[in-house]
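One structure below.
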Amino acid sequence: MNHLGTKTLETERLILRKTLESDYEPMFRNWANDERVTRFLTWPPYESAEQLRDTYHQYLLDSQKKDDYYDWKIELKGLGEPIGAIGVVNINHEIDQATIGYCLGYNWWHQGIMTEAFKEVIRFLFEEVGVNRICATHDVNNPHSGDVMKKCGLKFEGILRDGGKNNQGIIDIATYAILKKDYCITC
């Protein structure tokens, strides 16, 4: 793999970019404090913007200095602040695999925003970084997340019974993936 770090990516409606020092307040306001957004995630809603700034936000700022770290804030063009995030949550170098995770503020659900962002991340990871496999999982009780994966060309691979844990407890997870050879057929 040719690690490039979190490069700025752009789509028709979106700018995918690194975390900025000033992002913690809009992150808190737009998604990180919302139980509807965090319901199926592995971290609970933040109680204050300051709590977010002092914990996770600082981790993001430090981590994005690494070439093998990929975490984008999703910004609608013209809005000037992030409304969600998408990133690589795990890299398996032995098989050139990237596992993707994402979340989006409730006010922007069901508008195709995450699909648009994920498709651009897939393009970047296959064409520029050189991964061979991109995968993602979701709680089976959150089928809309699976819909995003399907719209991005990922194929359903199966259910891992009691295969994960999130804010709902131990859960069954659906697994999806796309291979570079499958992506290139449609590119």
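Order determines the names: the first chain of the structure tokens is A, the second B, and so forth; residues in each chain are numbered 1 upward, and ligands are numbered 1 upward as they are shown.
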Contacts between stretch 136-160 of chain A and stretch 10-57 of chain A, please, where a residue of stretch 10-57 of chain A counts if it comes within 10 Å (with only C-alpha atoms); show its shortest atom pair and distance in Å to one decimal, rows by chain and ascending number, as a Markdown table.
| residue | atom | partner | partner_atom | distance |
| --- | --- | --- | --- | --- |
| A:Arg39 | CA | A:Asn142 | CA | 9.3 |
| A:Phe40 | CA | A:Asp139 | CA | 6.6 |
| A:Leu41 | CA | A:Asp139 | CA | 8.8 |
Stretch 56-67 of chain A: which residues within 8 Å, counting only C-alpha atoms, same-chain residues fewer than 5 positions away excluded, as a tab-separated table (two decimals) with all heavy atoms, in the first residue's frame?
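Writing done, so here's part-v4.tsv:
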chain	number	residue	atom	x	y	z
A	3	HIS	N	0.70	4.52	1.50
A	3	HIS	CA	0.00	5.35	2.47
A	3	HIS	C	0.21	6.83	2.22
A	3	HIS	O	1.35	7.29	2.06
A	3	HIS	CB	0.42	4.98	3.89
A	3	HIS	CG	-0.15	3.67	4.33
A	3	HIS	ND1	-1.51	3.46	4.45
A	3	HIS	CD2	0.45	2.50	4.66
A	3	HIS	CE1	-1.72	2.22	4.85
A	3	HIS	NE2	-0.55	1.61	4.97
A	4	LEU	N	-0.90	7.56	2.17
A	4	LEU	CA	-0.88	8.99	1.87
A	4	LEU	C	-1.48	9.84	2.98
A	4	LEU	O	-1.46	11.06	2.89
A	4	LEU	CB	-1.65	9.25	0.57
A	4	LEU	CG	-1.14	8.51	-0.67
A	4	LEU	CD1	-2.13	8.62	-1.81
A	4	LEU	CD2	0.22	9.05	-1.06
A	5	GLY	N	-2.06	9.20	3.98
A	5	GLY	CA	-2.72	9.94	5.05
A	5	GLY	C	-4.03	10.55	4.58
A	5	GLY	O	-4.50	10.31	3.46
A	6	THR	N	-4.63	11.32	5.42
A	6	THR	CA	-5.93	11.91	5.15
A	6	THR	C	-5.78	13.11	4.21
A	6	THR	O	-5.60	14.23	4.64
A	6	THR	CB	-6.61	12.35	6.47
A	6	THR	OG1	-6.65	11.24	7.36
A	6	THR	CG2	-8.03	12.85	6.22
A	18	LYS	N	-9.31	16.69	6.73
A	18	LYS	CA	-8.78	16.42	8.06
A	18	LYS	C	-9.58	17.18	9.11
A	18	LYS	O	-10.24	18.18	8.81
A	18	LYS	CB	-7.32	16.87	8.16
A	18	LYS	CG	-6.35	16.01	7.42
A	18	LYS	CD	-4.93	16.51	7.67
A	18	LYS	CE	-3.93	15.60	6.99
A	18	LYS	NZ	-2.54	16.03	7.27
A	19	THR	N	-9.45	16.72	10.33
A	19	THR	CA	-10.03	17.41	11.48
A	19	THR	C	-9.27	18.71	11.73
A	19	THR	O	-8.04	18.73	11.71
A	19	THR	CB	-9.96	16.52	12.73
A	19	THR	OG1	-10.64	15.30	12.46
A	19	THR	CG2	-10.58	17.20	13.94
A	20	LEU	N	-10.01	19.77	11.98
A	20	LEU	CA	-9.41	21.06	12.32
A	20	LEU	C	-9.51	21.30	13.83
A	20	LEU	O	-10.40	20.77	14.49
A	20	LEU	CB	-10.11	22.20	11.58
A	20	LEU	CG	-10.18	22.10	10.06
A	20	LEU	CD1	-11.00	23.25	9.49
A	20	LEU	CD2	-8.77	22.08	9.48
A	21	GLU	N	-8.65	22.14	14.34
A	21	GLU	CA	-8.66	22.49	15.76
A	21	GLU	C	-10.04	23.00	16.18
A	21	GLU	O	-10.51	22.73	17.28
A	21	GLU	CB	-7.60	23.56	16.03
A	21	GLU	CG	-7.35	23.85	17.48
A	21	GLU	CD	-6.55	22.76	18.17
A	21	GLU	OE1	-5.57	22.29	17.59
A	21	GLU	OE2	-6.93	22.40	19.30
A	24	TYR	N	-14.32	20.73	17.09
A	24	TYR	CA	-14.95	20.03	18.20
A	24	TYR	C	-16.35	20.55	18.51
A	24	TYR	O	-17.24	19.77	18.86
A	24	TYR	CB	-14.07	20.01	19.45
A	24	TYR	CG	-13.93	21.32	20.16
A	24	TYR	CD1	-14.77	21.62	21.23
A	24	TYR	CD2	-12.97	22.24	19.78
A	24	TYR	CE1	-14.65	22.83	21.90
A	24	TYR	CE2	-12.84	23.44	20.44
A	24	TYR	CZ	-13.68	23.74	21.51
A	24	TYR	OH	-13.56	24.93	22.16
Q) Do you know which residues are at most 10 Å from A:Arg17 counting only C-alpha atoms, after dropping those on the same chain fewer than 3 positions away, and could you put them as a list in words? A)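 Answer for this query is Thr6, Lys7, Thr8, Leu9, Glu10, Leu14, Leu20, Tyr70, Asp71, Trp72, Lys73, Ile74, Glu75, Pro82, Ala85 and Ile86 of chain A.
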Q) If you measure from atom CA of A:Val131 to atom CA of A:Asp96, what distance in Å do you get, rounded to one decimal? A) 4.9 Å
Q: To one decimal in Å, tell me the separation between atom CA of A:Asn107 and atom CA of A:Cys135.
A: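 These atoms are spaced 26.0 Å apart.
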Going by DSSP on the backbone, which bits of chain A are strand (DSSP E or B)? Write them as a compact mmCIF listing (two decimals) with all heavy atoms, in the first residue's frame, please.
# COMPACT_ATOMS: atom_id res chain seq x y z
N LEU A 9 -10.45 15.30 -0.06
CA LEU A 9 -11.16 14.72 -1.20
C LEU A 9 -12.40 15.58 -1.45
O LEU A 9 -12.95 16.17 -0.52
CB LEU A 9 -11.57 13.28 -0.90
CG LEU A 9 -10.46 12.32 -0.45
CD1 LEU A 9 -11.05 10.96 -0.07
CD2 LEU A 9 -9.40 12.17 -1.52
N GLU A 10 -12.86 15.61 -2.68
CA GLU A 10 -14.00 16.44 -3.02
C GLU A 10 -14.96 15.69 -3.93
O GLU A 10 -14.53 14.95 -4.82
CB GLU A 10 -13.51 17.72 -3.70
CG GLU A 10 -14.54 18.79 -3.82
CD GLU A 10 -13.95 20.12 -4.28
OE1 GLU A 10 -12.81 20.44 -3.90
OE2 GLU A 10 -14.66 20.83 -5.01
N LEU A 14 -19.65 17.60 -1.51
CA LEU A 14 -18.93 17.43 -0.26
C LEU A 14 -17.44 17.74 -0.35
O LEU A 14 -16.82 17.57 -1.40
CB LEU A 14 -19.07 15.98 0.22
CG LEU A 14 -20.47 15.40 0.31
CD1 LEU A 14 -20.39 13.91 0.64
CD2 LEU A 14 -21.29 16.15 1.35
N ILE A 15 -16.90 18.13 0.78
CA ILE A 15 -15.46 18.20 1.00
C ILE A 15 -15.17 17.24 2.15
O ILE A 15 -15.78 17.33 3.22
CB ILE A 15 -14.99 19.62 1.37
CG1 ILE A 15 -15.29 20.59 0.22
CG2 ILE A 15 -13.50 19.63 1.72
CD1 ILE A 15 -15.09 22.05 0.57
N LEU A 16 -14.28 16.29 1.90
CA LEU A 16 -13.83 15.36 2.93
C LEU A 16 -12.42 15.82 3.30
O LEU A 16 -11.53 15.87 2.46
CB LEU A 16 -13.81 13.93 2.40
CG LEU A 16 -15.09 13.43 1.75
CD1 LEU A 16 -14.91 12.00 1.24
CD2 LEU A 16 -16.25 13.50 2.71
N ARG A 17 -12.23 16.13 4.58
CA ARG A 17 -10.98 16.77 4.99
C ARG A 17 -10.55 16.32 6.38
O ARG A 17 -11.30 15.70 7.11
CB ARG A 17 -11.15 18.27 4.97
CG ARG A 17 -12.28 18.73 5.91
CD ARG A 17 -12.19 20.20 6.20
NE ARG A 17 -13.29 20.70 7.00
CZ ARG A 17 -13.39 20.58 8.33
NH1 ARG A 17 -12.48 19.93 9.01
NH2 ARG A 17 -14.41 21.10 8.98
N ASP A 71 -8.96 9.57 8.37
CA ASP A 71 -10.20 9.98 9.04
C ASP A 71 -10.62 11.32 8.47
O ASP A 71 -9.90 12.32 8.61
CB ASP A 71 -9.99 10.09 10.55
CG ASP A 71 -11.26 10.53 11.25
OD1 ASP A 71 -12.15 9.67 11.45
OD2 ASP A 71 -11.38 11.72 11.59
N TRP A 72 -11.75 11.34 7.81
CA TRP A 72 -12.24 12.54 7.17
C TRP A 72 -13.45 13.11 7.89
O TRP A 72 -14.36 12.36 8.27
CB TRP A 72 -12.65 12.25 5.72
CG TRP A 72 -11.53 11.89 4.82
CD1 TRP A 72 -10.76 12.74 4.08
CD2 TRP A 72 -11.06 10.58 4.51
NE1 TRP A 72 -9.84 12.04 3.34
CE2 TRP A 72 -10.00 10.70 3.60
CE3 TRP A 72 -11.43 9.29 4.93
CZ2 TRP A 72 -9.31 9.62 3.08
CZ3 TRP A 72 -10.73 8.21 4.44
CH2 TRP A 72 -9.69 8.37 3.52
N LYS A 73 -13.50 14.40 8.01
CA LYS A 73 -14.72 15.09 8.40
C LYS A 73 -15.47 15.37 7.10
O LYS A 73 -14.88 15.76 6.09
CB LYS A 73 -14.42 16.41 9.14
CG LYS A 73 -13.73 16.20 10.48
CD LYS A 73 -14.59 15.35 11.40
CE LYS A 73 -13.83 14.64 12.47
NZ LYS A 73 -13.05 13.47 12.06
N ILE A 74 -16.77 15.16 7.15
CA ILE A 74 -17.64 15.38 5.99
C ILE A 74 -18.24 16.76 6.12
O ILE A 74 -18.93 17.07 7.09
CB ILE A 74 -18.75 14.31 5.94
CG1 ILE A 74 -18.15 12.91 5.86
CG2 ILE A 74 -19.69 14.59 4.76
CD1 ILE A 74 -19.17 11.80 6.09
N GLU A 75 -17.96 17.60 5.12
CA GLU A 75 -18.45 18.96 5.13
C GLU A 75 -19.25 19.22 3.86
O GLU A 75 -18.77 18.94 2.76
CB GLU A 75 -17.26 19.92 5.20
CG GLU A 75 -17.62 21.37 5.33
CD GLU A 75 -16.38 22.25 5.43
OE1 GLU A 75 -15.54 21.99 6.32
OE2 GLU A 75 -16.26 23.18 4.63
N LEU A 76 -20.48 19.70 4.03
CA LEU A 76 -21.26 20.12 2.86
C LEU A 76 -20.64 21.40 2.32
O LEU A 76 -20.34 22.31 3.10
CB LEU A 76 -22.71 20.41 3.26
CG LEU A 76 -23.69 19.27 3.23
CD1 LEU A 76 -25.04 19.72 3.80
CD2 LEU A 76 -23.88 18.72 1.83
N PRO A 82 -18.23 20.55 9.76
CA PRO A 82 -18.48 19.13 9.54
C PRO A 82 -19.86 18.69 10.01
O PRO A 82 -20.37 19.20 11.01
CB PRO A 82 -17.38 18.44 10.34
CG PRO A 82 -17.03 19.40 11.42
CD PRO A 82 -17.24 20.77 10.83
N ILE A 83 -20.43 17.74 9.25
CA ILE A 83 -21.74 17.17 9.60
C ILE A 83 -21.65 15.68 9.89
O ILE A 83 -22.64 15.05 10.23
CB ILE A 83 -22.77 17.43 8.49
CG1 ILE A 83 -22.31 16.80 7.16
CG2 ILE A 83 -23.02 18.93 8.33
CD1 ILE A 83 -23.37 16.77 6.08
N GLY A 84 -20.45 15.12 9.75
CA GLY A 84 -20.25 13.71 9.99
C GLY A 84 -18.80 13.34 9.79
O GLY A 84 -17.95 14.21 9.55
N ALA A 85 -18.53 12.04 9.85
CA ALA A 85 -17.16 11.56 9.70
C ALA A 85 -17.16 10.20 9.03
O ALA A 85 -18.11 9.43 9.16
CB ALA A 85 -16.48 11.47 11.06
N ILE A 86 -16.08 9.91 8.33
CA ILE A 86 -15.86 8.60 7.72
C ILE A 86 -14.37 8.34 7.78
O ILE A 86 -13.56 9.26 7.59
CB ILE A 86 -16.40 8.53 6.27
CG1 ILE A 86 -16.28 7.12 5.72
CG2 ILE A 86 -15.76 9.57 5.38
CD1 ILE A 86 -17.04 6.89 4.41
N GLY A 87 -14.00 7.10 8.06
CA GLY A 87 -12.58 6.82 8.14
C GLY A 87 -12.28 5.34 8.14
O GLY A 87 -13.17 4.49 8.19
N VAL A 88 -10.99 5.05 8.08
CA VAL A 88 -10.50 3.68 8.17
C VAL A 88 -10.31 3.37 9.65
O VAL A 88 -9.50 4.02 10.32
CB VAL A 88 -9.18 3.52 7.39
CG1 VAL A 88 -8.61 2.12 7.58
CG2 VAL A 88 -9.38 3.83 5.92
N VAL A 89 -11.05 2.41 10.15
CA VAL A 89 -10.97 2.07 11.57
C VAL A 89 -9.99 0.94 11.84
O VAL A 89 -9.59 0.72 12.97
CB VAL A 89 -12.36 1.73 12.17
CG1 VAL A 89 -13.27 2.95 12.11
CG2 VAL A 89 -13.00 0.55 11.45
N ASN A 90 -9.58 0.24 10.77
CA ASN A 90 -8.59 -0.82 10.92
C ASN A 90 -7.95 -1.09 9.57
O ASN A 90 -8.61 -1.07 8.54
CB ASN A 90 -9.23 -2.11 11.45
CG ASN A 90 -8.21 -3.17 11.77
OD1 ASN A 90 -7.19 -2.91 12.40
ND2 ASN A 90 -8.46 -4.39 11.32
N ILE A 91 -6.63 -1.34 9.59
CA ILE A 91 -5.90 -1.72 8.38
C ILE A 91 -5.25 -3.07 8.65
O ILE A 91 -4.59 -3.26 9.67
CB ILE A 91 -4.82 -0.68 8.02
CG1 ILE A 91 -5.45 0.65 7.64
CG2 ILE A 91 -3.94 -1.21 6.88
CD1 ILE A 91 -4.45 1.76 7.38
N ASN A 92 -5.44 -4.00 7.71
CA ASN A 92 -4.77 -5.29 7.77
C ASN A 92 -3.78 -5.31 6.61
O ASN A 92 -4.16 -5.50 5.45
CB ASN A 92 -5.79 -6.43 7.65
CG ASN A 92 -5.15 -7.80 7.74
OD1 ASN A 92 -4.00 -7.98 7.37
ND2 ASN A 92 -5.91 -8.76 8.22
N GLN A 97 -6.16 -4.74 3.40
CA GLN A 97 -7.58 -4.49 3.69
C GLN A 97 -7.76 -3.26 4.56
O GLN A 97 -7.03 -3.05 5.52
CB GLN A 97 -8.18 -5.70 4.41
CG GLN A 97 -9.62 -5.47 4.87
CD GLN A 97 -10.16 -6.67 5.59
OE1 GLN A 97 -10.57 -7.62 4.95
NE2 GLN A 97 -10.17 -6.63 6.91
N ALA A 98 -8.77 -2.47 4.23
CA ALA A 98 -9.17 -1.32 5.04
C ALA A 98 -10.61 -1.53 5.48
O ALA A 98 -11.48 -1.84 4.66
CB ALA A 98 -9.06 -0.04 4.23
N THR A 99 -10.85 -1.37 6.78
CA THR A 99 -12.20 -1.46 7.33
C THR A 99 -12.69 -0.04 7.58
O THR A 99 -11.99 0.76 8.21
CB THR A 99 -12.20 -2.26 8.64
OG1 THR A 99 -11.64 -3.56 8.39
CG2 THR A 99 -13.62 -2.41 9.19
N ILE A 100 -13.88 0.26 7.09
CA ILE A 100 -14.44 1.61 7.14
C ILE A 100 -15.50 1.72 8.21
O ILE A 100 -16.31 0.81 8.41
CB ILE A 100 -15.08 1.98 5.77
CG1 ILE A 100 -14.07 1.80 4.63
CG2 ILE A 100 -15.66 3.39 5.79
CD1 ILE A 100 -12.85 2.68 4.72
N GLY A 101 -15.52 2.87 8.88
CA GLY A 101 -16.58 3.23 9.81
C GLY A 101 -17.05 4.64 9.50
O GLY A 101 -16.29 5.45 8.97
N TYR A 102 -18.31 4.93 9.80
CA TYR A 102 -18.84 6.26 9.49
C TYR A 102 -20.00 6.62 10.40
O TYR A 102 -20.64 5.75 10.99
CB TYR A 102 -19.27 6.35 8.02
CG TYR A 102 -20.13 5.23 7.51
CD1 TYR A 102 -21.50 5.17 7.77
CD2 TYR A 102 -19.58 4.21 6.72
CE1 TYR A 102 -22.29 4.14 7.28
CE2 TYR A 102 -20.36 3.18 6.22
CZ TYR A 102 -21.71 3.16 6.51
OH TYR A 102 -22.49 2.14 6.01
N CYS A 103 -20.25 7.91 10.50
CA CYS A 103 -21.45 8.42 11.19
C CYS A 103 -21.80 9.77 10.58
O CYS A 103 -20.93 10.48 10.05
CB CYS A 103 -21.25 8.51 12.70
SG CYS A 103 -19.96 9.60 13.24
N LEU A 104 -23.06 10.12 10.66
CA LEU A 104 -23.56 11.34 10.05
C LEU A 104 -24.62 11.96 10.95
O LEU A 104 -25.45 11.24 11.52
CB LEU A 104 -24.18 11.01 8.68
CG LEU A 104 -24.64 12.17 7.81
CD1 LEU A 104 -23.45 13.02 7.35
CD2 LEU A 104 -25.40 11.64 6.59
N ARG A 133 -8.91 -4.75 -0.58
CA ARG A 133 -10.22 -5.10 -0.04
C ARG A 133 -10.68 -4.01 0.91
O ARG A 133 -9.92 -3.55 1.75
CB ARG A 133 -10.11 -6.44 0.70
CG ARG A 133 -11.35 -6.90 1.41
CD ARG A 133 -11.07 -8.25 2.15
NE ARG A 133 -12.04 -8.50 3.18
CZ ARG A 133 -13.22 -9.08 3.00
NH1 ARG A 133 -13.57 -9.49 1.81
NH2 ARG A 133 -14.04 -9.28 4.01
N ILE A 134 -11.92 -3.59 0.76
CA ILE A 134 -12.54 -2.63 1.66
C ILE A 134 -13.76 -3.29 2.27
O ILE A 134 -14.60 -3.84 1.53
CB ILE A 134 -12.93 -1.34 0.92
CG1 ILE A 134 -11.68 -0.64 0.38
CG2 ILE A 134 -13.73 -0.41 1.83
CD1 ILE A 134 -11.97 0.52 -0.55
N CYS A 135 -13.85 -3.28 3.58
CA CYS A 135 -14.99 -3.90 4.23
C CYS A 135 -15.61 -2.95 5.25
O CYS A 135 -15.02 -1.94 5.64
CB CYS A 135 -14.59 -5.22 4.88
SG CYS A 135 -13.40 -5.08 6.21
N ALA A 136 -16.81 -3.28 5.65
CA ALA A 136 -17.54 -2.52 6.66
C ALA A 136 -18.57 -3.44 7.30
O ALA A 136 -18.99 -4.43 6.69
CB ALA A 136 -18.23 -1.31 6.02
N THR A 137 -18.95 -3.12 8.51
CA THR A 137 -19.96 -3.90 9.22
C THR A 137 -21.01 -2.97 9.80
O THR A 137 -20.78 -1.77 9.95
CB THR A 137 -19.34 -4.73 10.37
OG1 THR A 137 -18.81 -3.84 11.34
CG2 THR A 137 -18.26 -5.67 9.86
N HIS A 138 -22.17 -3.56 10.12
CA HIS A 138 -23.20 -2.79 10.81
C HIS A 138 -24.02 -3.70 11.70
O HIS A 138 -24.12 -4.92 11.46
CB HIS A 138 -24.09 -2.02 9.82
CG HIS A 138 -25.01 -2.88 9.01
ND1 HIS A 138 -26.25 -3.27 9.46
CD2 HIS A 138 -24.88 -3.42 7.78
CE1 HIS A 138 -26.84 -4.01 8.55
NE2 HIS A 138 -26.03 -4.12 7.51
N ASP A 139 -24.58 -3.12 12.72
CA ASP A 139 -25.53 -3.81 13.60
C ASP A 139 -26.72 -4.22 12.72
O ASP A 139 -27.24 -3.40 11.95
CB ASP A 139 -25.97 -2.84 14.70
CG ASP A 139 -26.91 -3.44 15.73
OD1 ASP A 139 -27.73 -4.30 15.38
OD2 ASP A 139 -26.84 -3.00 16.90
N LYS A 155 -20.50 -6.07 -1.23
CA LYS A 155 -21.33 -7.28 -1.28
C LYS A 155 -21.50 -7.83 0.13
O LYS A 155 -20.56 -7.87 0.92
CB LYS A 155 -20.67 -8.35 -2.15
CG LYS A 155 -20.36 -7.90 -3.56
CD LYS A 155 -21.60 -7.70 -4.37
CE LYS A 155 -21.24 -7.34 -5.80
NZ LYS A 155 -22.01 -6.26 -6.32
N PHE A 156 -22.70 -8.30 0.41
CA PHE A 156 -23.01 -8.92 1.70
C PHE A 156 -22.24 -10.23 1.81
O PHE A 156 -22.27 -11.06 0.91
CB PHE A 156 -24.51 -9.17 1.80
CG PHE A 156 -24.94 -9.88 3.04
CD1 PHE A 156 -24.92 -9.25 4.27
CD2 PHE A 156 -25.36 -11.20 2.99
CE1 PHE A 156 -25.31 -9.91 5.43
CE2 PHE A 156 -25.76 -11.87 4.13
CZ PHE A 156 -25.73 -11.22 5.35
N GLU A 157 -21.54 -10.40 2.93
CA GLU A 157 -20.75 -11.62 3.14
C GLU A 157 -21.29 -12.51 4.24
O GLU A 157 -20.90 -13.66 4.32
CB GLU A 157 -19.29 -11.25 3.43
CG GLU A 157 -18.61 -10.59 2.25
CD GLU A 157 -17.14 -10.38 2.46
OE1 GLU A 157 -16.70 -10.14 3.61
OE2 GLU A 157 -16.40 -10.46 1.46
N GLY A 158 -22.14 -11.97 5.10
CA GLY A 158 -22.71 -12.82 6.13
C GLY A 158 -22.96 -12.08 7.44
O GLY A 158 -22.68 -10.89 7.57
N ILE A 159 -23.51 -12.83 8.38
CA ILE A 159 -23.82 -12.31 9.72
C ILE A 159 -22.89 -12.98 10.72
O ILE A 159 -22.76 -14.21 10.72
CB ILE A 159 -25.29 -12.64 10.12
CG1 ILE A 159 -26.28 -12.09 9.09
CG2 ILE A 159 -25.59 -12.14 11.53
CD1 ILE A 159 -26.44 -10.61 9.07
N LEU A 160 -22.26 -12.19 11.54
CA LEU A 160 -21.48 -12.71 12.65
C LEU A 160 -22.36 -12.63 13.89
O LEU A 160 -22.63 -11.55 14.41
CB LEU A 160 -20.20 -11.89 12.84
CG LEU A 160 -19.25 -11.85 11.65
CD1 LEU A 160 -18.08 -10.92 11.94
CD2 LEU A 160 -18.75 -13.23 11.31
N ARG A 161 -22.86 -13.79 14.33
CA ARG A 161 -23.75 -13.83 15.48
C ARG A 161 -22.97 -13.46 16.74
O ARG A 161 -21.89 -13.99 16.98
CB ARG A 161 -24.39 -15.21 15.62
CG ARG A 161 -25.27 -15.55 14.41
CD ARG A 161 -25.86 -16.95 14.46
NE ARG A 161 -24.81 -17.94 14.61
CZ ARG A 161 -24.89 -18.98 15.45
NH1 ARG A 161 -25.96 -19.15 16.21
NH2 ARG A 161 -23.92 -19.84 15.54
N ASP A 162 -23.54 -12.55 17.53
CA ASP A 162 -22.86 -12.02 18.71
C ASP A 162 -21.43 -11.60 18.36
O ASP A 162 -20.50 -11.74 19.15
CB ASP A 162 -22.83 -13.04 19.85
CG ASP A 162 -24.18 -13.27 20.49
OD1 ASP A 162 -25.13 -12.51 20.19
OD2 ASP A 162 -24.31 -14.20 21.30
N GLY A 163 -21.27 -11.00 17.19
CA GLY A 163 -19.94 -10.67 16.67
C GLY A 163 -19.43 -9.29 16.99
O GLY A 163 -18.34 -8.92 16.58
N GLY A 164 -20.22 -8.50 17.71
CA GLY A 164 -19.77 -7.15 18.01
C GLY A 164 -20.46 -6.62 19.25
O GLY A 164 -21.34 -7.25 19.82
N LYS A 165 -20.03 -5.44 19.63
CA LYS A 165 -20.62 -4.77 20.78
C LYS A 165 -20.71 -3.29 20.48
O LYS A 165 -19.77 -2.69 19.94
CB LYS A 165 -19.78 -5.01 22.03
CG LYS A 165 -20.39 -4.44 23.28
CD LYS A 165 -19.59 -4.78 24.52
CE LYS A 165 -20.29 -4.18 25.73
NZ LYS A 165 -19.52 -4.38 26.95
N ASN A 166 -21.86 -2.71 20.80
CA ASN A 166 -22.04 -1.27 20.66
C ASN A 166 -22.88 -0.76 21.82
O ASN A 166 -23.00 -1.45 22.84
CB ASN A 166 -22.64 -0.92 19.28
CG ASN A 166 -24.04 -1.47 19.08
OD1 ASN A 166 -24.76 -1.82 20.01
ND2 ASN A 166 -24.45 -1.54 17.81
N GLY A 169 -25.32 -3.17 23.38
CA GLY A 169 -24.82 -4.39 24.02
C GLY A 169 -24.16 -5.29 23.00
O GLY A 169 -23.65 -4.83 21.98
N ILE A 170 -24.17 -6.59 23.25
CA ILE A 170 -23.61 -7.56 22.30
C ILE A 170 -24.61 -7.74 21.17
O ILE A 170 -25.80 -7.94 21.41
CB ILE A 170 -23.28 -8.89 22.99
CG1 ILE A 170 -22.16 -8.65 24.01
CG2 ILE A 170 -22.86 -9.95 21.97
CD1 ILE A 170 -21.79 -9.85 24.83
N ILE A 171 -24.11 -7.69 19.95
CA ILE A 171 -24.99 -7.65 18.78
C ILE A 171 -24.52 -8.58 17.68
O ILE A 171 -23.36 -8.97 17.62
CB ILE A 171 -25.05 -6.21 18.22
CG1 ILE A 171 -23.62 -5.71 17.95
CG2 ILE A 171 -25.78 -5.28 19.15
CD1 ILE A 171 -23.48 -4.75 16.83
N ASP A 172 -25.45 -8.90 16.79
CA ASP A 172 -25.11 -9.57 15.54
C ASP A 172 -24.69 -8.48 14.55
O ASP A 172 -25.32 -7.41 14.50
CB ASP A 172 -26.31 -10.30 14.96
CG ASP A 172 -26.78 -11.46 15.83
OD1 ASP A 172 -26.03 -11.87 16.75
OD2 ASP A 172 -27.89 -11.97 15.57
N ILE A 173 -23.63 -8.75 13.78
CA ILE A 173 -23.18 -7.77 12.81
C ILE A 173 -23.20 -8.35 11.40
O ILE A 173 -22.84 -9.49 11.18
CB ILE A 173 -21.80 -7.17 13.13
CG1 ILE A 173 -20.73 -8.25 13.26
CG2 ILE A 173 -21.84 -6.32 14.37
CD1 ILE A 173 -19.32 -7.69 13.42
N ALA A 174 -23.66 -7.52 10.47
CA ALA A 174 -23.64 -7.87 9.05
C ALA A 174 -22.32 -7.36 8.46
O ALA A 174 -21.90 -6.24 8.77
CB ALA A 174 -24.83 -7.24 8.34
N THR A 175 -21.70 -8.19 7.64
CA THR A 175 -20.41 -7.86 7.06
C THR A 175 -20.54 -7.71 5.55
O THR A 175 -21.18 -8.54 4.89
CB THR A 175 -19.38 -8.97 7.38
OG1 THR A 175 -19.31 -9.13 8.79
CG2 THR A 175 -18.01 -8.64 6.85
N TYR A 176 -19.93 -6.65 5.02
CA TYR A 176 -19.92 -6.36 3.58
C TYR A 176 -18.50 -6.07 3.15
O TYR A 176 -17.69 -5.61 3.94
CB TYR A 176 -20.77 -5.12 3.27
CG TYR A 176 -22.24 -5.29 3.47
CD1 TYR A 176 -22.80 -5.27 4.74
CD2 TYR A 176 -23.09 -5.46 2.38
CE1 TYR A 176 -24.16 -5.43 4.94
CE2 TYR A 176 -24.46 -5.61 2.56
CZ TYR A 176 -24.99 -5.60 3.85
OH TYR A 176 -26.34 -5.74 4.02
N ALA A 177 -18.20 -6.31 1.87
CA ALA A 177 -16.87 -5.98 1.34
C ALA A 177 -16.93 -5.79 -0.17
O ALA A 177 -17.83 -6.28 -0.85
CB ALA A 177 -15.87 -7.07 1.69
N ILE A 178 -15.93 -5.08 -0.65
CA ILE A 178 -15.70 -4.93 -2.08
C ILE A 178 -14.21 -5.15 -2.32
O ILE A 178 -13.37 -4.70 -1.53
CB ILE A 178 -16.16 -3.55 -2.61
CG1 ILE A 178 -16.00 -3.46 -4.13
CG2 ILE A 178 -15.46 -2.41 -1.89
CD1 ILE A 178 -16.63 -2.21 -4.75
N LEU A 179 -13.89 -5.88 -3.40
CA LEU A 179 -12.50 -6.12 -3.78
C LEU A 179 -12.13 -5.18 -4.92
O LEU A 179 -12.99 -4.75 -5.70
CB LEU A 179 -12.31 -7.56 -4.25
CG LEU A 179 -12.71 -8.65 -3.25
CD1 LEU A 179 -12.51 -10.03 -3.89
CD2 LEU A 179 -11.94 -8.52 -1.96
(Q) Give me, as a list of chain:residue names, all polymer residues having an atom no more than 12 Å from A:Gln51, counting only C-alpha atoms and skipping those fewer than 2 positions away in the same chain. (A)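 Answer for this query is A:Tyr24, A:Glu25, A:Met27, A:Phe28, A:Ala32, A:Asn33, A:Pro44, A:Pro45, A:Tyr46, A:Glu47, A:Ser48, A:Ala49, A:Arg53, A:Asp54, A:Thr55, A:Tyr56, A:His57, A:Gln58.
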Q.
When DSSP is applied to the backbone of this structure, which of stretch 27-162 of chain A are assigned alpha helix (DSSP H)? Write them out as a ChimeraX atom specification.
A. /A:27,35-38,49-52,58-63,113-124,143-151
Q: Return the single residue from A:Ser22, A:Asn132, A:Asn2, A:Gln168 that is closest to A:Glu94, with distances computed using only C-alpha atoms.
A: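 The closest residue to A:Glu94 is A:Asn132.
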